[in-house]
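Pasting run29.pdb here (PDB, C-alpha atoms):
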```pdb
MODEL        1
ATOM      1  CA  MET C   1    -217.796  22.603 -27.587
ATOM      2  CA  LYS C   2    -221.405  23.329 -26.709
ATOM      3  CA  ALA C   3    -223.061  22.202 -23.567
ATOM      4  CA  GLY C   4    -225.497  20.069 -25.525
ATOM      5  CA  ASP C   5    -222.735  18.259 -27.412
ATOM      6  CA  PRO C   6    -222.984  14.490 -26.786
ATOM      7  CA  GLN C   7    -219.215  14.243 -26.213
ATOM      8  CA  CYS C   8    -219.446  16.823 -23.479
ATOM      9  CA  ILE C   9    -222.200  14.850 -21.816
ATOM     10  CA  GLN C  10    -220.127  11.643 -22.015
ATOM     11  CA  ARG C  11    -217.118  13.326 -20.376
ATOM     12  CA  MET C  12    -219.197  14.908 -17.588
ATOM     13  CA  THR C  13    -221.312  11.864 -16.681
ATOM     14  CA  PRO C  14    -218.617   9.762 -14.829
ATOM     15  CA  LYS C  15    -217.513  12.725 -12.724
ATOM     16  CA  THR C  16    -221.057  13.686 -11.889
ATOM     17  CA  GLN C  17    -221.902  10.088 -11.030
ATOM     18  CA  SER C  18    -218.835   9.797  -8.762
ATOM     19  CA  THR C  19    -219.775  12.995  -6.951
ATOM     20  CA  MET C  20    -223.330  11.779  -6.479
ATOM     21  CA  ASN C  21    -222.110   8.407  -5.198
ATOM     22  CA  THR C  22    -219.801  10.109  -2.684
ATOM     23  CA  THR C  23    -222.583  12.411  -1.520
ATOM     24  CA  LEU C  24    -224.947   9.456  -1.174
ATOM     25  CA  LYS C  25    -222.377   7.547   0.909
ATOM     26  CA  TYR C  26    -221.924  10.473   3.289
ATOM     27  CA  THR C  27    -225.666  10.895   3.524
ATOM     28  CA  ILE C  28    -226.138   7.216   4.401
ATOM     29  CA  LEU C  29    -223.331   7.380   6.966
ATOM     30  CA  LEU C  30    -224.835  10.499   8.518
ATOM     31  CA  LEU C  31    -228.284   8.933   8.729
ATOM     32  CA  SER C  32    -226.842   5.731  10.203
ATOM     33  CA  SER C  33    -224.936   7.688  12.852
ATOM     34  CA  THR C  34    -228.017   9.727  13.727
ATOM     35  CA  LEU C  35    -230.202   6.636  14.042
ATOM     36  CA  ALA C  36    -227.567   4.888  16.178
ATOM     37  CA  LEU C  37    -227.336   7.909  18.460
ATOM     38  CA  LEU C  38    -231.095   8.106  18.817
ATOM     39  CA  SER C  39    -231.238   4.377  19.495
ATOM     40  CA  CYS C  40    -228.599   4.693  22.232
ATOM     41  CA  LYS C  41    -230.488   7.543  23.849
ATOM     42  CA  LYS C  42    -233.709   5.542  23.707
ATOM     43  CA  ASP C  43    -232.007   2.490  25.213
ATOM     44  CA  GLU C  44    -230.493   4.582  27.975
ATOM     45  CA  GLY C  45    -233.889   6.088  28.704
ATOM     46  CA  ASP C  46    -235.500   2.666  28.782
ATOM     47  CA  THR C  47    -233.048   1.281  31.331
ATOM     48  CA  VAL C  48    -233.308   4.213  33.741
ATOM     49  CA  GLU C  49    -236.629   3.699  35.497
ATOM     50  CA  PRO C  50    -237.775   4.918  38.891
ATOM     51  CA  PRO C  51    -237.738   2.213  41.588
ATOM     52  CA  PRO C  52    -241.100   0.676  42.472
ATOM     53  CA  PRO C  53    -242.818   2.092  45.541
ATOM     54  CA  THR C  54    -241.951   0.406  48.813
ATOM     55  CA  ASN C  55    -244.656  -1.846  50.175
ATOM     56  CA  GLU C  56    -244.642  -0.666  53.758
ATOM     57  CA  GLU C  57    -246.110  -2.845  56.499
ATOM     58  CA  GLU C  58    -249.311  -1.666  58.129
ATOM     59  CA  VAL C  59    -249.014  -0.065  61.554
ATOM     60  CA  ILE C  60    -251.300  -1.805  64.047
ATOM     61  CA  THR C  61    -251.885  -0.113  67.386
ATOM     62  CA  THR C  62    -255.178  -1.655  68.467
ATOM     63  CA  LEU C  63    -256.736  -5.127  68.513
ATOM     64  CA  VAL C  64    -260.269  -5.628  69.818
ATOM     65  CA  LEU C  65    -262.224  -8.860  70.291
ATOM     66  CA  THR C  66    -265.941  -8.304  70.835
ATOM     67  CA  PHE C  67    -267.933 -11.172  72.399
ATOM     68  CA  VAL C  68    -271.692 -10.971  71.880
ATOM     69  CA  ASP C  69    -273.918 -13.369  73.816
ATOM     70  CA  ALA C  70    -275.643 -15.581  71.260
ATOM     71  CA  GLU C  71    -278.917 -15.654  73.263
ATOM     72  CA  ASN C  72    -278.949 -12.056  74.433
ATOM     73  CA  VAL C  73    -277.161  -9.705  71.995
ATOM     74  CA  ALA C  74    -277.423  -6.872  74.503
ATOM     75  CA  ASN C  75    -274.736  -8.573  76.556
ATOM     76  CA  VAL C  76    -271.426  -7.531  74.997
ATOM     77  CA  TYR C  77    -267.931  -8.197  76.348
ATOM     78  CA  GLU C  78    -264.617  -6.920  75.094
ATOM     79  CA  LEU C  79    -260.932  -7.796  75.104
ATOM     80  CA  ARG C  80    -258.881  -4.787  74.019
ATOM     81  CA  PHE C  81    -255.172  -4.229  73.315
ATOM     82  CA  SER C  82    -253.988  -0.667  72.656
ATOM     83  CA  ASP C  83    -250.471   0.636  72.014
ATOM     84  CA  PRO C  84    -250.895   4.097  70.412
ATOM     85  CA  ASP C  85    -247.204   5.041  70.427
ATOM     86  CA  GLY C  86    -245.970   1.689  69.066
ATOM     87  CA  ASP C  87    -242.911  -0.303  70.070
ATOM     88  CA  GLY C  88    -240.437   1.308  72.427
ATOM     89  CA  GLY C  89    -242.806   3.863  73.917
ATOM     90  CA  ALA C  90    -245.229   3.534  76.781
ATOM     91  CA  ALA C  91    -246.358   0.046  77.730
ATOM     92  CA  PRO C  92    -249.458  -1.151  75.866
ATOM     93  CA  ALA C  93    -252.774  -1.205  77.686
ATOM     94  CA  ILE C  94    -254.838  -4.401  77.872
ATOM     95  CA  THR C  95    -258.383  -4.294  79.210
ATOM     96  CA  THR C  96    -260.719  -7.287  79.498
ATOM     97  CA  ASP C  97    -264.232  -8.130  80.609
ATOM     98  CA  THR C  98    -265.082 -11.242  82.598
ATOM     99  CA  LEU C  99    -266.967 -13.746  80.438
ATOM    100  CA  PRO C 100    -269.985 -15.490  81.957
ATOM    101  CA  ALA C 101    -269.582 -19.266  82.139
ATOM    102  CA  GLY C 102    -271.625 -21.725  80.137
ATOM    103  CA  ARG C 103    -272.470 -19.358  77.312
ATOM    104  CA  ALA C 104    -272.135 -19.262  73.526
ATOM    105  CA  TYR C 105    -270.830 -16.129  71.810
ATOM    106  CA  SER C 106    -270.239 -14.646  68.398
ATOM    107  CA  VAL C 107    -266.816 -13.019  68.292
ATOM    108  CA  SER C 108    -265.740 -10.287  65.876
ATOM    109  CA  VAL C 109    -262.249  -8.794  65.534
ATOM    110  CA  SER C 110    -261.284  -5.187  64.844
ATOM    111  CA  VAL C 111    -257.763  -4.149  63.831
ATOM    112  CA  LEU C 112    -256.940  -0.448  63.900
ATOM    113  CA  ASN C 113    -254.147   2.076  63.572
ATOM    114  CA  GLU C 114    -255.195   4.757  66.041
ATOM    115  CA  SER C 115    -251.979   6.713  65.575
ATOM    116  CA  ALA C 116    -253.316   7.860  62.176
ATOM    117  CA  SER C 117    -255.732  10.743  61.750
ATOM    118  CA  PRO C 118    -258.378   9.771  60.925
ATOM    119  CA  VAL C 119    -258.084   6.313  62.475
ATOM    120  CA  ASP C 120    -257.074   3.709  59.893
ATOM    121  CA  ASN C 121    -259.427   0.717  59.911
ATOM    122  CA  ILE C 122    -257.109  -2.115  58.914
ATOM    123  CA  THR C 123    -259.926  -4.635  59.374
ATOM    124  CA  SER C 124    -261.341  -3.706  55.962
ATOM    125  CA  GLU C 125    -257.924  -4.196  54.361
ATOM    126  CA  ILE C 126    -257.668  -7.666  55.881
ATOM    127  CA  GLN C 127    -261.138  -8.445  54.513
ATOM    128  CA  ALA C 128    -260.069  -7.279  51.060
ATOM    129  CA  GLU C 129    -256.967  -9.505  51.217
ATOM    130  CA  ASP C 130    -258.506 -12.337  53.229
ATOM    131  CA  GLU C 131    -256.709 -15.054  51.260
ATOM    132  CA  MET C 132    -253.410 -13.683  52.588
ATOM    133  CA  HIS C 133    -254.429 -13.440  56.261
ATOM    134  CA  GLN C 134    -255.444 -15.749  59.085
ATOM    135  CA  PHE C 135    -255.953 -15.280  62.812
ATOM    136  CA  PHE C 136    -254.938 -18.006  65.226
ATOM    137  CA  TYR C 137    -256.403 -18.433  68.714
ATOM    138  CA  GLN C 138    -254.479 -20.336  71.373
ATOM    139  CA  VAL C 139    -256.207 -20.862  74.716
ATOM    140  CA  THR C 140    -254.291 -21.842  77.834
ATOM    141  CA  GLY C 141    -255.913 -22.626  81.183
ATOM    142  CA  ALA C 142    -259.342 -21.090  80.573
ATOM    143  CA  ASN C 143    -262.408 -23.174  79.665
ATOM    144  CA  LEU C 144    -262.851 -21.353  76.373
ATOM    145  CA  THR C 145    -263.305 -22.894  72.932
ATOM    146  CA  MET C 146    -262.862 -20.794  69.772
ATOM    147  CA  ALA C 147    -263.915 -21.750  66.234
ATOM    148  CA  TYR C 148    -263.800 -19.974  62.866
ATOM    149  CA  ALA C 149    -267.056 -18.609  61.447
ATOM    150  CA  ASP C 150    -265.781 -17.101  58.175
ATOM    151  CA  ALA C 151    -263.819 -18.148  55.092
ATOM    152  CA  ASP C 152    -261.917 -16.624  52.175
ATOM    153  CA  ALA C 153    -262.662 -17.188  48.472
ATOM    154  CA  ASN C 154    -260.911 -20.574  48.665
ATOM    155  CA  GLY C 155    -262.997 -21.762  51.586
ATOM    156  CA  MET C 156    -260.118 -21.337  54.035
ATOM    157  CA  PRO C 157    -260.579 -19.619  57.428
ATOM    158  CA  VAL C 158    -259.729 -15.981  58.117
ATOM    159  CA  GLY C 159    -260.758 -15.483  61.734
ATOM    160  CA  LEU C 160    -262.327 -12.032  61.657
ATOM    161  CA  LEU C 161    -265.598 -13.721  62.635
ATOM    162  CA  ASN C 162    -265.680 -16.586  65.132
ATOM    163  CA  THR C 163    -267.787 -18.455  67.633
ATOM    164  CA  ALA C 164    -266.830 -19.098  71.253
ATOM    165  CA  ILE C 165    -268.147 -21.249  74.069
ATOM    166  CA  THR C 166    -267.281 -20.811  77.732
ATOM    167  CA  GLY C 167    -267.301 -23.744  80.130
ATOM    168  CA  LEU C 168    -266.957 -23.769  83.892
ATOM    169  CA  ALA C 169    -265.461 -20.891  85.823
ATOM    170  CA  SER C 170    -261.743 -20.680  85.174
ATOM    171  CA  ALA C 171    -258.856 -18.358  84.386
ATOM    172  CA  GLY C 172    -256.133 -18.433  81.766
ATOM    173  CA  THR C 173    -254.976 -16.707  78.597
ATOM    174  CA  LEU C 174    -255.992 -16.290  74.989
ATOM    175  CA  LYS C 175    -253.148 -15.655  72.543
ATOM    176  CA  VAL C 176    -254.295 -14.011  69.302
ATOM    177  CA  THR C 177    -251.916 -14.037  66.336
ATOM    178  CA  LEU C 178    -252.476 -12.517  62.909
ATOM    179  CA  ARG C 179    -250.319 -14.067  60.189
ATOM    180  CA  HIS C 180    -249.706 -12.510  56.773
ATOM    181  CA  GLN C 181    -249.393 -14.959  53.847
ATOM    182  CA  PRO C 182    -249.667 -18.153  55.897
ATOM    183  CA  ASP C 183    -249.778 -21.520  54.163
ATOM    184  CA  LYS C 184    -253.435 -22.261  54.760
ATOM    185  CA  SER C 185    -253.177 -25.627  53.019
ATOM    186  CA  ALA C 186    -250.471 -26.891  55.397
ATOM    187  CA  ALA C 187    -251.313 -29.613  57.896
ATOM    188  CA  ASN C 188    -253.960 -28.553  60.469
ATOM    189  CA  VAL C 189    -253.653 -24.830  59.655
ATOM    190  CA  SER C 190    -257.274 -24.594  58.505
ATOM    191  CA  ALA C 191    -258.249 -26.069  61.894
ATOM    192  CA  GLY C 192    -256.485 -23.208  63.673
ATOM    193  CA  ASP C 193    -253.143 -24.868  64.430
ATOM    194  CA  ILE C 194    -250.398 -22.278  63.922
ATOM    195  CA  THR C 195    -247.555 -24.827  63.990
ATOM    196  CA  ASN C 196    -247.181 -25.218  60.212
ATOM    197  CA  ALA C 197    -248.684 -21.887  59.154
ATOM    198  CA  GLY C 198    -245.496 -19.999  58.318
ATOM    199  CA  GLY C 199    -245.916 -16.455  57.004
ATOM    200  CA  ASP C 200    -245.183 -13.219  58.859
ATOM    201  CA  THR C 201    -246.718 -12.137  62.148
ATOM    202  CA  ASP C 202    -248.564  -8.820  61.828
ATOM    203  CA  ILE C 203    -249.572  -8.705  65.490
ATOM    204  CA  GLU C 204    -249.606 -11.081  68.458
ATOM    205  CA  VAL C 205    -251.341 -10.349  71.760
ATOM    206  CA  THR C 206    -251.906 -12.504  74.842
ATOM    207  CA  PHE C 207    -255.076 -11.552  76.726
ATOM    208  CA  PRO C 208    -255.824 -12.658  80.280
ATOM    209  CA  VAL C 209    -259.167 -14.460  80.349
ATOM    210  CA  ALA C 210    -261.496 -14.826  83.331
ATOM    211  CA  ILE C 211    -264.637 -16.948  83.149
ATOM    212  CA  GLU C 212    -267.163 -16.809  85.999
TER
ENDMDL
END
```

Rewrite the coordinates I just gave you, this time as structure tokens.
Amino acid sequence: MKAGDPQCIQRMTPKTQSTMNTTLKYTILLLSSTLALLSCKKDEGDTVEPPPPTNEEEVITTLVLTFVDAENVANVYELRFSDPDGDGGAAPAITTDTLPAGRAYSVSVSVLNESASPVDNITSEIQAEDEMHQFFYQVTGANLTMAYADADANGMPVGLLNTAITGLASAGTLKVTLRHQPDKSAANVSAGDITNAGGDTDIEVTFPVAIE
């Protein structure tokens, strides 16, 4: 029988078709297995991600309040707290100037990390994130009145800029507290009352105050 004989073609066609079907099945199975394997590898790669960087708290070694006489800007007075080696080392140093009585002042605040080289000016970072920060000023004994002179984008106080008025000669303390993420909308917080502020304390310093 010749290869071109129709009967030969009829006898060969079922076998050839079966072989092709079997080959196609194996091919499909192989492709399916390969795709599944690749998918598993992709899924495994997707789930293994590096942890996000830790948001470390800022190191604050220095807090400075600068009082400038509103009528004579050449008269400048300073309250300074410095603790270069941080907690557990040498005792912090606090230096203060005597404030003249019966005067009005503009008061600016500087926050620094002097253990860094160069010195890290944290004041600018507080300004950049002013909605998440607020200073609180608590006076005890001294005839000193503090008021906010700045505000964040929401119109809430920050306390990097302030005004101050000294009364009669007296002595006492000024506690300065910087809170991170306080609730500025809570009762009396915008007026400088720390009672309902919440948040975390970044630094708290009590300065002795003398007014003469």

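Using only C-alpha atoms, the shortest contact distance between Pro100 in chain C and any of C:Gly167, C:Gly172, C:Pro84, C:Pro118 is found at C:Gly167.
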
Carefully work through the PyMOL selection byres ((chain C and resi 124-136) around 6) for this structure and note down the residues it includes, as a list in words. Ile122, Thr123, Tyr137, Asp152, Val158, Gly159, Val176, Thr177, Leu178, Arg179, His180, Gln181 and Gly192 of chain C

Since we have the selection now, will you write its residues out, keeping C-alpha atoms, as a PDB file, in the frame of the given file?
```
ATOM      1  CA  ILE C 122    -257.109  -2.115  58.914  1.00  0.00           C
ATOM      2  CA  THR C 123    -259.926  -4.635  59.374  1.00  0.00           C
ATOM      3  CA  TYR C 137    -256.403 -18.433  68.714  1.00  0.00           C
ATOM      4  CA  ASP C 152    -261.917 -16.624  52.175  1.00  0.00           C
ATOM      5  CA  VAL C 158    -259.729 -15.981  58.117  1.00  0.00           C
ATOM      6  CA  GLY C 159    -260.758 -15.483  61.734  1.00  0.00           C
ATOM      7  CA  VAL C 176    -254.295 -14.011  69.302  1.00  0.00           C
ATOM      8  CA  THR C 177    -251.916 -14.037  66.336  1.00  0.00           C
ATOM      9  CA  LEU C 178    -252.476 -12.517  62.909  1.00  0.00           C
ATOM     10  CA  ARG C 179    -250.319 -14.067  60.189  1.00  0.00           C
ATOM     11  CA  HIS C 180    -249.706 -12.510  56.773  1.00  0.00           C
ATOM     12  CA  GLN C 181    -249.393 -14.959  53.847  1.00  0.00           C
ATOM     13  CA  GLY C 192    -256.485 -23.208  63.673  1.00  0.00           C
TER      14      GLY C 192
END
```

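Within the 12 Å cut-off around Asn143 in chain C, using all atoms listed in the file and omitting residues fewer than 3 positions from it on the same chain, the listed residues are C:Leu99, C:Pro100, C:Ala101, C:Gly102, C:Arg103, C:Gln138, C:Val139, C:Thr140, C:Met146, C:Ala164, C:Ile165, C:Thr166, C:Gly167, C:Leu168, C:Ala169, C:Ser170, C:Ala171, C:Gly172, C:Thr173, C:Leu174, C:Val209, C:Ala210, C:Ile211, C:Glu212.
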
Within 9 Å of Met156 in chain C using all atoms listed in the file, minus same-chain residues under 5 positions, as a JSON list (two decimals) with C-alpha atoms, in the coordinates of the input:
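Heads up, here's the output in result.json:
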```
[["chain", "number", "residue", "atom", "x", "y", "z"],
["C", 131, "GLU", "CA", -256.71, -15.05, 51.26],
["C", 134, "GLN", "CA", -255.44, -15.75, 59.08],
["C", 150, "ASP", "CA", -265.78, -17.10, 58.18],
["C", 151, "ALA", "CA", -263.82, -18.15, 55.09],
["C", 184, "LYS", "CA", -253.44, -22.26, 54.76],
["C", 185, "SER", "CA", -253.18, -25.63, 53.02],
["C", 190, "SER", "CA", -257.27, -24.59, 58.50]]
```

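Selection by the PyMOL selection byres ((chain C and resi 86) around 12) on the present file picks out Glu58, Val59, Ile60, Thr61, Thr62, Phe81, Ser82, Asp83, Pro84, Asp85, Asp87, Gly88, Gly89, Ala90, Ala91, Pro92, Ala93, Asn113, Glu114, Ser115, Ala116 and Ile203 of chain C.
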
Since I can't run it myself right now, could you work out what the PyMOL selection byres ((chain C and resi 66) around 8) selects here and report it as number ranges by chain? C: 64-65, 67-68, 76-79, 107-109

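For the pair CA of Leu112 in chain C and CA of Thr98 in chain C, the separation is 23.1 Å.
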
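We find CA of Thr206 in chain C and CA of Ser117 in chain C to be spaced 27.0 Å apart.
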
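For the pair CA of Ala186 in chain C and CA of Thr145 in chain C, the separation is 22.1 Å.
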
Give the centre and edge lengths of an axis-aligned box, in Å to one decimal, that holds all listed atoms of range 68-85 of chain C with 6 Å on each side, as JSON.
```
{"center_x": -263.1, "center_y": -5.3, "center_z": 73.5, "size_x": 43.7, "size_y": 32.7, "size_z": 18.1}
```

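Distances to Val205 in chain C were evaluated for C:Ala70, C:Ala104, C:Ala147, C:Val111 using only C-alpha atoms, and the minimum falls at C:Val111.
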
Would you save range 140-163 of chain C to a file, keeping N, CA, C and O atoms, as a tab-separated table (two decimals), in the first residue's frame?
```
chain	number	residue	atom	x	y	z
C	140	THR	N	5.50	79.74	88.35
C	140	THR	CA	5.17	79.60	89.77
C	140	THR	C	5.98	80.63	90.56
C	140	THR	O	7.21	80.69	90.44
C	141	GLY	N	5.28	81.45	91.34
C	141	GLY	CA	5.96	82.39	92.23
C	141	GLY	C	6.35	83.71	91.59
C	141	GLY	O	6.09	84.77	92.14
C	142	ALA	N	6.98	83.69	90.44
C	142	ALA	CA	7.47	84.92	89.81
C	142	ALA	C	6.34	85.72	89.17
C	142	ALA	O	5.36	85.14	88.68
C	143	ASN	N	6.49	87.04	89.15
C	143	ASN	CA	5.53	87.92	88.48
C	143	ASN	C	5.88	87.99	86.99
C	143	ASN	O	6.41	88.98	86.48
C	144	LEU	N	5.60	86.90	86.32
C	144	LEU	CA	5.93	86.76	84.89
C	144	LEU	C	4.72	86.19	84.16
C	144	LEU	O	4.16	85.17	84.57
C	145	THR	N	4.33	86.87	83.09
C	145	THR	CA	3.20	86.41	82.27
C	145	THR	C	3.71	86.08	80.87
C	145	THR	O	4.38	86.91	80.24
C	146	MET	N	3.40	84.87	80.40
C	146	MET	CA	3.82	84.42	79.07
C	146	MET	C	2.58	84.27	78.18
C	146	MET	O	1.52	83.86	78.65
C	147	ALA	N	2.75	84.60	76.89
C	147	ALA	CA	1.65	84.43	75.93
C	147	ALA	C	2.23	84.02	74.58
C	147	ALA	O	3.34	84.44	74.21
C	148	TYR	N	1.47	83.20	73.85
C	148	TYR	CA	1.92	82.75	72.52
C	148	TYR	C	1.90	83.91	71.52
C	148	TYR	O	1.01	84.76	71.54
C	149	ALA	N	2.88	83.88	70.61
C	149	ALA	CA	2.94	84.89	69.55
C	149	ALA	C	3.09	84.24	68.17
C	149	ALA	O	3.47	84.91	67.21
C	150	ASP	N	2.82	82.94	68.07
C	150	ASP	CA	2.88	82.26	66.78
C	150	ASP	C	1.73	81.26	66.68
C	150	ASP	O	1.00	81.03	67.65
C	151	ALA	N	1.57	80.67	65.50
C	151	ALA	CA	0.49	79.71	65.28
C	151	ALA	C	0.87	78.79	64.14
C	151	ALA	O	1.66	79.14	63.25
C	152	ASP	N	0.29	77.56	64.15
C	152	ASP	CA	0.52	76.62	63.06
C	152	ASP	C	-0.48	76.88	61.93
C	152	ASP	O	-1.22	77.87	61.97
C	153	ALA	N	-0.51	76.01	60.94
C	153	ALA	CA	-1.38	76.20	59.78
C	153	ALA	C	-2.86	76.17	60.15
C	153	ALA	O	-3.71	76.67	59.40
C	154	ASN	N	-3.18	75.59	61.31
C	154	ASN	CA	-4.58	75.52	61.76
C	154	ASN	C	-4.95	76.65	62.71
C	154	ASN	O	-6.03	76.64	63.29
C	155	GLY	N	-4.01	77.58	62.89
C	155	GLY	CA	-4.28	78.69	63.79
C	155	GLY	C	-4.08	78.35	65.26
C	155	GLY	O	-4.48	79.13	66.13
C	156	MET	N	-3.47	77.21	65.54
C	156	MET	CA	-3.22	76.79	66.91
C	156	MET	C	-1.79	77.18	67.33
C	156	MET	O	-0.88	77.21	66.50
C	157	PRO	N	-1.57	77.44	68.62
C	157	PRO	CA	-0.26	77.91	69.06
C	157	PRO	C	0.83	76.85	68.95
C	157	PRO	O	0.56	75.65	69.00
C	158	VAL	N	2.07	77.34	68.82
C	158	VAL	CA	3.25	76.46	68.81
C	158	VAL	C	4.13	76.79	70.01
C	158	VAL	O	4.50	75.91	70.77
C	159	GLY	N	4.47	78.06	70.16
C	159	GLY	CA	5.24	78.49	71.32
C	159	GLY	C	6.73	78.68	71.07
C	159	GLY	O	7.49	78.86	72.02
C	160	LEU	N	7.14	78.69	69.80
C	160	LEU	CA	8.52	79.02	69.49
C	160	LEU	C	8.74	80.53	69.60
C	160	LEU	O	9.85	80.98	69.87
C	161	LEU	N	7.68	81.30	69.38
C	161	LEU	CA	7.71	82.75	69.56
C	161	LEU	C	6.64	83.13	70.57
C	161	LEU	O	5.51	82.66	70.50
C	162	ASN	N	7.01	84.02	71.51
C	162	ASN	CA	6.10	84.37	72.59
C	162	ASN	C	6.31	85.83	72.99
C	162	ASN	O	7.27	86.49	72.56
C	163	THR	N	5.41	86.31	73.82
C	163	THR	CA	5.61	87.59	74.48
C	163	THR	C	5.62	87.34	75.99
C	163	THR	O	5.05	86.36	76.47
```
